[in-house]
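Below is one structure, written out as structure tokens; the observations come after it.
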Amino acid sequence: MTGRAIRLWALAAWCGLGTVVLAHHSFEAEFDPNNVVNITGVVTKLDWINPHAFVYVDSKSAAGEVKRYKIEMGPPYALTRGGWKRDTLKIGDTVTVEGAAMARDGSDSAGSLPTTQMKLASGQKLTMR
Amino acid sequence: MAATARAALVIAACLLSSAAMAQAPAAAPAPRWPDGRVNLGSTPGQKGFWEIRPGLGGTPRAADIPLQPWARALAAYRTSRTDLHPPLVRCKPGGGPAFFNAPGFEIVDAPDEQRIYILNIAGAHSWRVIYMDGRPHPTGDDLRPSYFGHSVGRWDGDSLVVDTVGFNEKQWLAGVYPTTERLHLTERISRPDLRTLSYEATIDDPGAYTAPWSIRWTINEKSKSSWIAGGEIFEYICQGE
């Protein structure tokens, strides 16, 4: 982008400036939005708790090794607003988490970006934040 | 096209959109009590609550804050550690400006009691009390440091001015900056129209800063945070993991 174009963008941004909205303070510290994966597996646990819900998914690799992923979701009130219902997920359902950000510490934990979705057993997709 | 011409076009578009906004129908006025005071919360005909989406007000940069060296070093340390979180994320109460966090709050004016309550949905499912009866702050041993401190309020025109002392040292301003027991917080809250709430907090803490500084935000029709007409606050018990 040229310097001029950048200045124009800055001007346009200033024109429409509203409340500055940033990502959750600790999210980027904990998860790497540049290390995004899809996780397919069986739901073993759902913690519907504040401030963030968690879902646990057992995923088997081609070699037969099972990894237990712990995936952080948004707060329950936001998930409800996004279409999650009491019976949306059942233990034992096979699901795919699309576009989760892996933990920076190398563990099998992942976080949900605004774009992260879960493809449910029914084929329906719901955002996880 | 020359850059100046393009810039002029952007500015013209900007002015036009501002003019269009100026011609939009006037916003509904803020509700008032029979004595003329602004009501910052619900009325029988206009119930609702103030919803906060994460990031309201943004995160002030350390370079813009008059931090003392130790406070600057602590803020940098907190930012550098991925395993440290603001107390609110760990289900502790958010004091002062940190009290106003997602998903939102309700302001309940109780004139008979001469108190205003602010009910927070998140954090530790907590509330603040603002004494409106003219009492002074407690002093000496009666002022025990706490998460929310001791708040007294008064009206300055249409602004509620809340004066608070007696904080403990467990709050992280804007998710990172420390305060000490010497913190004297002054908050101004106003409701220019039905759907707009303006907030300004002045942090005067000679224990951590070299000068007073301020945090501001506005909830209005243009912000992601908003007045949820007809909405009600709901249970949100913070449990952590």
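Residue numbers start at 1 in each chain; chains themselves are named A, B, ... in the order of the structure tokens; ligands are numbered from 1 in the order shown.
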
Would you give me, as a VMD selection string, the residues in range 12-149 of chain B that DSSP reads as helix (DSSP H, G or I)?
-> chain B and resid 12 to 23 62 to 64 69 to 80 87 to 90 96 to 99 140 to 142

Where does chain B meet chain A within 7 Å, residue by residue, with the nearest atom pair and distance in Å to one decimal for each, counting only C-alpha atoms, listed by chain and rising number, as a Markdown table?
| residue | atom | partner | partner_atom | distance |
| --- | --- | --- | --- | --- |
| B:Ala3 | CA | A:Arg4 | CA | 6.4 |
| B:Ala7 | CA | A:Leu8 | CA | 6.3 |
| B:Val10 | CA | A:Ala12 | CA | 6.7 |
| B:Cys14 | CA | A:Cys15 | CA | 5.9 |
| B:Pro54 | CA | A:Val21 | CA | 6.8 |
| B:Gly55 | CA | A:Val21 | CA | 4.4 |
| B:Leu56 | CA | A:Val21 | CA | 6.0 |
| B:Gly57 | CA | A:Val20 | CA | 5.9 |
| B:Gly58 | CA | A:Val20 | CA | 4.8 |
| B:Thr82 | CA | A:Ala29 | CA | 4.9 |
| B:His85 | CA | A:Ser26 | CA | 6.4 |
| B:Val89 | CA | A:Pro51 | CA | 6.9 |
| B:Gly175 | CA | A:His25 | CA | 6.9 |
| B:Lys222 | CA | A:Gly18 | CA | 6.6 |
| B:Ser223 | CA | A:Thr19 | CA | 5.5 |
| B:Tyr236 | CA | A:Asn50 | CA | 6.7 |
| B:Ile237 | CA | A:Asn50 | CA | 6.4 |
| B:Cys238 | CA | A:Asn50 | CA | 4.6 |
| B:Gln239 | CA | A:Asn50 | CA | 5.7 |
| B:Gly240 | CA | A:Asn50 | CA | 6.3 |

Please provide as a list in words all residues within 12 Å of Asp108 in chain A, with the sequence filter that same-chain residues fewer than 3 positions apart are discarded (counting only C-alpha atoms).
-> Phe31, Val37, Ile39, Tyr56, Val57, Asp58, Ser59, Val66, Lys67, Arg68, Tyr69, Lys70, Ile71, Glu72, Ala100, Ala101, Met102, Ala103, Arg104, Asp105 and Gly111 of chain A

Might you pull out every residue within 6 Å of range 82-99 of chain A, with only C-alpha atoms counted and same-chain residues fewer than 2 positions away left off, and present them as a list in words?
->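 In the requested form, the answer reads Val36, Val37, Asn38, Ile39, Thr40, Gly41, Val42, Val43, Thr44, Leu79, Thr80, Thr116, Gln117, Met118, Lys119, Leu120 and Ala121 of chain A.
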
Export C-alpha atoms of the chosen residues as a short mmCIF file (atom, residue, chain, number, x, y, z; two decimals), in the first residue's frame?
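Here's the written file selection21.cif:
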data_model
loop_
_atom_site.label_atom_id
_atom_site.label_comp_id
_atom_site.auth_asym_id
_atom_site.auth_seq_id
_atom_site.Cartn_x
_atom_site.Cartn_y
_atom_site.Cartn_z
CA VAL A 36 -5.37 -22.39 13.56
CA VAL A 37 -6.57 -25.99 13.30
CA ASN A 38 -9.66 -28.09 12.64
CA ILE A 39 -10.41 -30.72 15.27
CA THR A 40 -12.74 -33.64 14.56
CA GLY A 41 -13.66 -35.95 17.39
CA VAL A 42 -16.08 -37.11 20.03
CA VAL A 43 -17.41 -34.74 22.71
CA THR A 44 -16.53 -36.07 26.17
CA LEU A 79 -23.38 -18.60 22.94
CA THR A 80 -27.10 -18.58 23.71
CA THR A 116 -14.36 -20.40 15.04
CA GLN A 117 -17.35 -22.66 14.39
CA MET A 118 -18.50 -26.05 15.54
CA LYS A 119 -19.99 -28.35 12.92
CA LEU A 120 -22.49 -30.40 14.90
CA ALA A 121 -23.49 -34.02 14.32
#

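Residues of range 144-181 of chain B carrying a DSSP assignment of strand (DSSP E), computed from the backbone, are His150, Ser151, Val152, Gly153, Arg154, Trp155, Asp156, Ser159, Leu160, Val161, Val162, Asp163, Thr164 and Val165 of chain B.
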
Could you please take those selected residues and save N, CA and C atoms as a compact mmCIF listing (two decimals), in the first residue's frame?
# COMPACT_ATOMS: atom_id res chain seq x y z
N HIS B 150 -15.44 3.07 49.23
CA HIS B 150 -16.63 3.73 49.78
C HIS B 150 -17.00 4.87 48.85
N SER B 151 -18.23 4.81 48.31
CA SER B 151 -18.65 5.76 47.28
C SER B 151 -19.75 6.68 47.79
N VAL B 152 -19.55 7.98 47.60
CA VAL B 152 -20.62 8.95 47.84
C VAL B 152 -20.87 9.70 46.53
N GLY B 153 -22.15 10.05 46.32
CA GLY B 153 -22.49 10.69 45.05
C GLY B 153 -23.22 12.00 45.23
N ARG B 154 -23.19 12.81 44.20
CA ARG B 154 -23.96 14.06 44.15
C ARG B 154 -24.24 14.36 42.68
N TRP B 155 -25.22 15.22 42.46
CA TRP B 155 -25.54 15.61 41.10
C TRP B 155 -24.90 16.95 40.78
N ASP B 156 -24.23 17.01 39.63
CA ASP B 156 -23.67 18.25 39.12
C ASP B 156 -24.40 18.49 37.81
N SER B 159 -25.15 15.42 35.55
CA SER B 159 -24.12 14.38 35.74
C SER B 159 -24.12 13.87 37.17
N LEU B 160 -24.09 12.56 37.31
CA LEU B 160 -23.88 11.95 38.62
C LEU B 160 -22.37 11.91 38.86
N VAL B 161 -21.95 12.54 39.94
CA VAL B 161 -20.52 12.55 40.26
C VAL B 161 -20.31 11.63 41.46
N VAL B 162 -19.51 10.59 41.28
CA VAL B 162 -19.28 9.60 42.34
C VAL B 162 -17.84 9.73 42.82
N ASP B 163 -17.70 9.92 44.11
CA ASP B 163 -16.38 10.10 44.72
C ASP B 163 -16.10 8.86 45.57
N THR B 164 -14.98 8.19 45.28
CA THR B 164 -14.71 6.92 45.97
C THR B 164 -13.28 6.88 46.51
N VAL B 165 -13.17 6.44 47.76
CA VAL B 165 -11.86 6.17 48.38
C VAL B 165 -11.96 4.82 49.08

Expressed in Å to a single decimal, how great is the separation between CA of Leu74 in chain B and CA of Thr59 in chain B?
->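 Separating CA of Leu74 in chain B from CA of Thr59 in chain B is a distance of 16.3 Å.
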
Compile the contact shell of Gly149 in chain B as a PyMOL selection string: residues with an atom at most 10 Å away, counting only C-alpha atoms, same-chain residues fewer than 5 positions apart removed.
-> chain B and resi 95-96+128-129+137+143-144+163-168+181+183-185

Tell me, as an MDAnalysis selection string, which residues lie within 7 Å of Trp213 in chain B, counting only C-alpha atoms; anything in the same chain fewer than 4 positions away does not count.
-> chainID B and resid 65 202:204

Length of the CA of Asn35 in chain A to CA of Gly106 in chain A vector [Å] = 10.8 Å

Tell me which protein, DNA and RNA residues are within 9 Å of Leu194 in chain B, counting only C-alpha atoms, leaving out same-chain ones fewer than 4 positions away, and put them as an MDAnalysis selection string.
-> chainID B and resid 27:31 40 46 227
